[in-house]
Amino acid sequence: MNRTCCTDLKYPGKLLLAGLFAALGLGLGLGAVPAQAAADPTQPEATAPVYPSATPDDDSADEGTVLIPSVTSQEGNFYLAVTDAALDEVDSERIMDQVRQAVGEQDAKILLGVDQEPNNLKGAGQLVRGMLMFGDSDALSDDWLENGKTLGYVGEGWIAIGVMLPQEAGDPVEIAVDPGRDVRETAPGSQQRILEAGQGEFAAGDYTAGITAVALATTQQLQAPPDRTLAKVIAVGALAAALAFLLAWAWRAKRRKARQAAAADRNKQADLLESRIQRASIYLDRHPVPDPGLAGESRLAQVMAELERQRAGSQPGALRALGMAPDSLQPQQVSEAQLAQLRDREHELSLLRGAVQLAHAFTARPRDSRESWNRIFEYHRARLEGLALFLDLPGAGQLARAQAARTVIITHTDELQLLHTRLSRRSSGADTAPGILDRLWELRDELDGVLHDALAQAGQARLKIPQGLGESMEGAQRKTDPMADDPIGVLRNFAPGSGTR
């Protein structure tokens with residue numbers, strides 16, 4: 001089949017095509033010789049630059065046209081393109097059968113075009129260029145515009161061959177070979193041997209056999225580097241698999257390291273909790289709760305009785321908690337659930353121990369436990385100051401509990417001073433301390449009630465209260481350790497009905 005390219009020189013636009021063919025023929029040094037004259041030493045190694053033929057007569061139907069053969073047969077890497085004019089002279093099927101095995105054993109892609117004179121082409125060289133520029137194969141180099149004149153027009157891995165059959169039988173057959181820039185000769189003079197192939201067959205008029213000989217010689221004399229596409233795909237796939245494996249390994253290693261670090265941290269925390277549980281257990285075992293010497297119905301007496309009950313029963317629980325400690329477990333086997341149990345038990349024993357310590361402090365001579373007493377007075381006064389600041393807020397003075405709040409501020413300030421003076425006397429002993437603590441507890445209950453009511457009414461009236469002041473009025477601890485802030489609050493945890501076991 002043919003592809004038609006017009007070269008009508010009567011129009012300026014057609015001159016571009018003619019110039020393109022001329023440029024292609026001039027600068028590329030095609031190996032093109034008549035097959036039957038190739039052995040003549042007087043012949044030049046290559047023909048002169050080729051140009052488009054002169055246009056036929058104006059009344060010719062084919063005026064200004066150039067016929068380029070399309071690919072008519074393909075077998076693996078071998079592409080055969082025969083023009084309509086040469087179809088009767090060439091048996092394409094026979095050629096394909098003869099070259100099938102040879103082309104399957106080499107890596108180059110071979111484009112072989114066949115045309116027959118007369119035509120508008122100047123020999124096999126222009127046939128090759130025409131197939132490259134206007135044919136239906138991919139043999140043209142991608143960078144032919146930039147590098148064609150210096151590096152060649154044939155793409156890497158391709159070999160382009162043109163065979164121009166004569167008009168009259170017995171006349172020479174012209175062959176042109178144009179290998180790609182990465183195609184190499186298997187031995188010196190290989191390209192010339194391709195041009196000389198099939199001479200006997202061509203001379204005998206067997207064009208099919210001659211073209212077959214040229215194709216076979218091409219597979220033997222020129223060699224392209226192996227197609228590395230599959231190898232590259234395999235290599236890229238292997239690299240991707242290796243990378244995926246490394247990433248997975250790194251991720252698992254990171255997870256394993258994180259788990260090990262978490263296990264080590266749990267063991268460390270468990271060691272610390274175990275130590276605290278042991279210290280609290282030892283203290284509670286050695287310090288029974290003292291008798292405050294008050295009537296059984298008094299609140300302080302009830303708290304002391306509850307403290308003693310829980311202290312006496314704390315030892316079995318402490319031993320059970322220690323049974324989960326790291327010393328009795330295999331390394332890295334302290335679970336989050338076990339650690340949570342240790343935390344809960346440590347908190348219970350620490351709170352119980354603090355309350356028992358306060359019980360001893362408040363049943364001893366006041367001057368021996370001055371720090372604990374001072375914390376009670378300081379905490380109460382701070383909350384009275386917070387209540388005074390609350391009354392200064394816009395609208396707070398009009399609340400229903402405002403008057404009760406003012407009264408509490410005045411009366412509690414005075415009584416706190418009196419109670420503090422009593423505790424400071426030299427004559428104040430252990431027998432007076434429990435009664436003073438009981439009274440301070442009553443004052444605390446009264447103050448807490450007024451603060452609670454004031455906050456509730458402020459909320460209903462939509463008064464804006466600064467966050468810090470609101471938290472202080474609600475009784476939020478100012479320190480992480482309640483025993484360092486509010487001793488009465490610690491003892492309240494053990495009052496009957498508080499929910500502490």
# chains A, B, ... in the order shown; residues from 1 in each chain; ligands from 1
call {"tool": "residues_around", "arguments": {"residues": "His412 of chain A", "least_positions_apart": "2", "cutoff": "10 Å", "atoms": "only C-alpha atoms", "output": "MDAnalysis selection string"}}
result
chainID A and resid 380:381 384 407:410 414:418 440 443:444 446:447
call {"tool": "write_last_selection", "arguments": {"atoms": "C-alpha atoms", "output": "mmCIF file, in the first residue's frame"}}
result
data_model
loop_
_atom_site.group_PDB
_atom_site.id
_atom_site.type_symbol
_atom_site.label_atom_id
_atom_site.label_comp_id
_atom_site.auth_asym_id
_atom_site.auth_seq_id
_atom_site.Cartn_x
_atom_site.Cartn_y
_atom_site.Cartn_z
ATOM 1 C CA HIS A 380 -10.503 29.191 104.857
ATOM 2 C CA ARG A 381 -9.312 32.800 104.674
ATOM 3 C CA LEU A 384 -13.444 34.240 102.337
ATOM 4 C CA THR A 407 -22.313 38.197 107.375
ATOM 5 C CA VAL A 408 -20.189 35.065 106.852
ATOM 6 C CA ILE A 409 -17.195 37.147 105.833
ATOM 7 C CA ILE A 410 -17.376 39.241 109.010
ATOM 8 C CA ASP A 414 -13.470 37.164 113.688
ATOM 9 C CA GLU A 415 -13.888 33.528 114.780
ATOM 10 C CA LEU A 416 -10.897 32.361 112.815
ATOM 11 C CA GLN A 417 -8.831 34.914 114.683
ATOM 12 C CA LEU A 418 -10.154 33.714 118.050
ATOM 13 C CA LEU A 440 -13.388 24.755 112.097
ATOM 14 C CA LEU A 443 -17.399 26.857 109.807
ATOM 15 C CA ARG A 444 -16.177 25.220 106.600
ATOM 16 C CA GLU A 446 -21.318 26.932 106.507
ATOM 17 C CA LEU A 447 -18.931 28.752 104.135
#
call {"tool": "residues_around", "arguments": {"residues": "segment 271-278 of chain A", "least_positions_apart": "3", "cutoff": "6 Å", "atoms": "only C-alpha atoms", "output": "JSON, numbers by chain"}}
result
{"A": [268, 281, 346]}
call {"tool": "write_last_selection", "arguments": {"atoms": "N, CA and C atoms", "output": "PDB file, in the first residue's frame"}}
result
ATOM      1  N   LYS A 268       8.653   0.716  84.660  1.00  0.00           N
ATOM      2  CA  LYS A 268       9.224   1.778  85.490  1.00  0.00           C
ATOM      3  C   LYS A 268       8.164   2.408  86.383  1.00  0.00           C
ATOM      4  N   SER A 281       1.923   1.218 103.034  1.00  0.00           N
ATOM      5  CA  SER A 281       1.501   0.044 103.789  1.00  0.00           C
ATOM      6  C   SER A 281       2.271  -0.071 105.098  1.00  0.00           C
ATOM      7  N   GLU A 346      -2.499   2.600  94.729  1.00  0.00           N
ATOM      8  CA  GLU A 346      -1.544   3.564  95.298  1.00  0.00           C
ATOM      9  C   GLU A 346      -2.257   4.845  95.723  1.00  0.00           C
TER      10      GLU A 346
END
call {"tool": "residues_around", "arguments": {"residues": "Gly198 of chain A", "least_positions_apart": "6", "cutoff": "9 Å", "atoms": "only C-alpha atoms", "output": "list of chain:residue names"}}
result
A:Ala35, A:Gln36, A:Tyr207, A:Ala209, A:Gly210, A:Ile211, A:Thr212, A:Ala213, A:Val214, A:Ala217
call {"tool": "write_last_selection", "arguments": {"atoms": "N, CA and C atoms", "output": "PDB file, in the first residue's frame"}}
result
ATOM      1  N   ALA A  35      22.531  -2.860  -6.525  1.00  0.00           N
ATOM      2  CA  ALA A  35      22.965  -4.152  -6.004  1.00  0.00           C
ATOM      3  C   ALA A  35      23.880  -4.876  -6.965  1.00  0.00           C
ATOM      4  N   GLN A  36      23.596  -4.842  -8.249  1.00  0.00           N
ATOM      5  CA  GLN A  36      24.373  -5.619  -9.192  1.00  0.00           C
ATOM      6  C   GLN A  36      25.684  -4.952  -9.527  1.00  0.00           C
ATOM      7  N   TYR A 207      13.263 -11.214  -7.294  1.00  0.00           N
ATOM      8  CA  TYR A 207      13.320 -10.108  -6.328  1.00  0.00           C
ATOM      9  C   TYR A 207      12.946 -10.560  -4.912  1.00  0.00           C
ATOM     10  N   ALA A 209      13.567 -13.459  -3.455  1.00  0.00           N
ATOM     11  CA  ALA A 209      14.742 -14.096  -2.854  1.00  0.00           C
ATOM     12  C   ALA A 209      15.823 -13.065  -2.545  1.00  0.00           C
ATOM     13  N   GLY A 210      16.000 -12.083  -3.438  1.00  0.00           N
ATOM     14  CA  GLY A 210      17.008 -11.067  -3.192  1.00  0.00           C
ATOM     15  C   GLY A 210      16.675 -10.229  -1.966  1.00  0.00           C
ATOM     16  N   ILE A 211      15.404  -9.817  -1.828  1.00  0.00           N
ATOM     17  CA  ILE A 211      14.998  -9.024  -0.654  1.00  0.00           C
ATOM     18  C   ILE A 211      15.157  -9.845   0.616  1.00  0.00           C
ATOM     19  N   THR A 212      14.833 -11.154   0.528  1.00  0.00           N
ATOM     20  CA  THR A 212      15.014 -12.028   1.698  1.00  0.00           C
ATOM     21  C   THR A 212      16.473 -12.075   2.099  1.00  0.00           C
ATOM     22  N   ALA A 213      17.369 -12.183   1.094  1.00  0.00           N
ATOM     23  CA  ALA A 213      18.804 -12.220   1.395  1.00  0.00           C
ATOM     24  C   ALA A 213      19.262 -10.930   2.056  1.00  0.00           C
ATOM     25  N   VAL A 214      18.744  -9.783   1.595  1.00  0.00           N
ATOM     26  CA  VAL A 214      19.100  -8.502   2.210  1.00  0.00           C
ATOM     27  C   VAL A 214      18.626  -8.459   3.671  1.00  0.00           C
ATOM     28  N   ALA A 217      20.811 -10.792   5.776  1.00  0.00           N
ATOM     29  CA  ALA A 217      22.127 -10.197   5.978  1.00  0.00           C
ATOM     30  C   ALA A 217      22.074  -9.082   7.022  1.00  0.00           C
TER      31      ALA A 217
END
call {"tool": "select_by_dssp", "arguments": {"residues": "segment 149-268 of chain A", "states": "strand (DSSP E or B)", "output": "list in words"}}
result
Val154, Trp158, Ile159, Ala160, Ile161, Gly162, Val163, Met164, Leu165, Glu174, Ile175, Ala176, Val177, Asp178, Pro179, Arg184, Glu185, Leu222 and Gln223 of chain A
call {"tool": "select_by_dssp", "arguments": {"residues": "segment 328-358 of chain A", "states": "alpha helix (DSSP H)", "output": "number ranges by chain"}}
result
A: 336-358
call {"tool": "write_last_selection", "arguments": {"atoms": "C-alpha atoms", "output": "short mmCIF file (atom, residue, chain, number, x, y, z; two decimals), in the first residue's frame"}}
result
data_model
loop_
_atom_site.label_atom_id
_atom_site.label_comp_id
_atom_site.auth_asym_id
_atom_site.auth_seq_id
_atom_site.Cartn_x
_atom_site.Cartn_y
_atom_site.Cartn_z
CA GLU A 336 -2.08 -1.34 81.06
CA ALA A 337 -4.91 -2.90 83.07
CA GLN A 338 -2.50 -4.07 85.78
CA LEU A 339 -0.82 -0.67 85.82
CA ALA A 340 -4.21 1.02 86.23
CA GLN A 341 -4.98 -1.25 89.19
CA LEU A 342 -1.66 -0.32 90.79
CA ARG A 343 -2.41 3.38 90.27
CA ASP A 344 -5.82 3.06 91.88
CA ARG A 345 -4.45 1.16 94.85
CA GLU A 346 -1.54 3.56 95.30
CA HIS A 347 -3.96 6.51 95.27
CA GLU A 348 -6.23 4.88 97.86
CA LEU A 349 -3.37 4.03 100.20
CA SER A 350 -1.72 7.45 99.77
CA LEU A 351 -4.99 9.22 100.59
CA LEU A 352 -5.58 6.94 103.59
CA ARG A 353 -2.03 7.46 104.80
CA GLY A 354 -2.41 11.26 104.50
CA ALA A 355 -5.66 11.19 106.46
CA VAL A 356 -4.11 9.07 109.22
CA GLN A 357 -1.18 11.49 109.39
CA LEU A 358 -3.63 14.40 109.77
#
call {"tool": "residues_around", "arguments": {"residues": "Gly449 of chain A", "least_positions_apart": "3", "cutoff": "12 Å", "atoms": "only C-alpha atoms", "output": "ChimeraX atom specification"}}
result
/A:387,401,404-405,408,442-446,452-456,473-475
call {"tool": "write_last_selection", "arguments": {"atoms": "C-alpha atoms", "output": "mmCIF file, in the first residue's frame"}}
result
data_model
loop_
_atom_site.group_PDB
_atom_site.id
_atom_site.type_symbol
_atom_site.label_atom_id
_atom_site.label_comp_id
_atom_site.auth_asym_id
_atom_site.auth_seq_id
_atom_site.Cartn_x
_atom_site.Cartn_y
_atom_site.Cartn_z
ATOM 1 C CA LEU A 387 -16.308 35.525 98.391
ATOM 2 C CA ARG A 401 -27.587 35.497 99.314
ATOM 3 C CA ALA A 404 -25.640 36.162 104.138
ATOM 4 C CA ALA A 405 -22.318 36.260 102.326
ATOM 5 C CA VAL A 408 -20.189 35.065 106.852
ATOM 6 C CA GLU A 442 -18.554 23.467 111.067
ATOM 7 C CA LEU A 443 -17.399 26.857 109.807
ATOM 8 C CA ARG A 444 -16.177 25.220 106.600
ATOM 9 C CA ASP A 445 -19.562 23.599 105.996
ATOM 10 C CA GLU A 446 -21.318 26.932 106.507
ATOM 11 C CA HIS A 452 -22.574 27.184 96.543
ATOM 12 C CA ASP A 453 -25.763 29.253 96.813
ATOM 13 C CA ALA A 454 -24.001 32.419 95.604
ATOM 14 C CA LEU A 455 -22.659 30.657 92.502
ATOM 15 C CA ALA A 456 -26.048 29.154 91.734
ATOM 16 C CA MET A 473 -15.346 29.462 95.000
ATOM 17 C CA GLU A 474 -16.162 25.922 93.858
ATOM 18 C CA GLY A 475 -13.339 24.621 96.057
#
call {"tool": "residues_around", "arguments": {"residues": "Met304 of chain A", "least_positions_apart": "6", "cutoff": "8 Å", "atoms": "only C-alpha atoms", "output": "VMD selection string"}}
result
chain A and resid 289 to 292 359
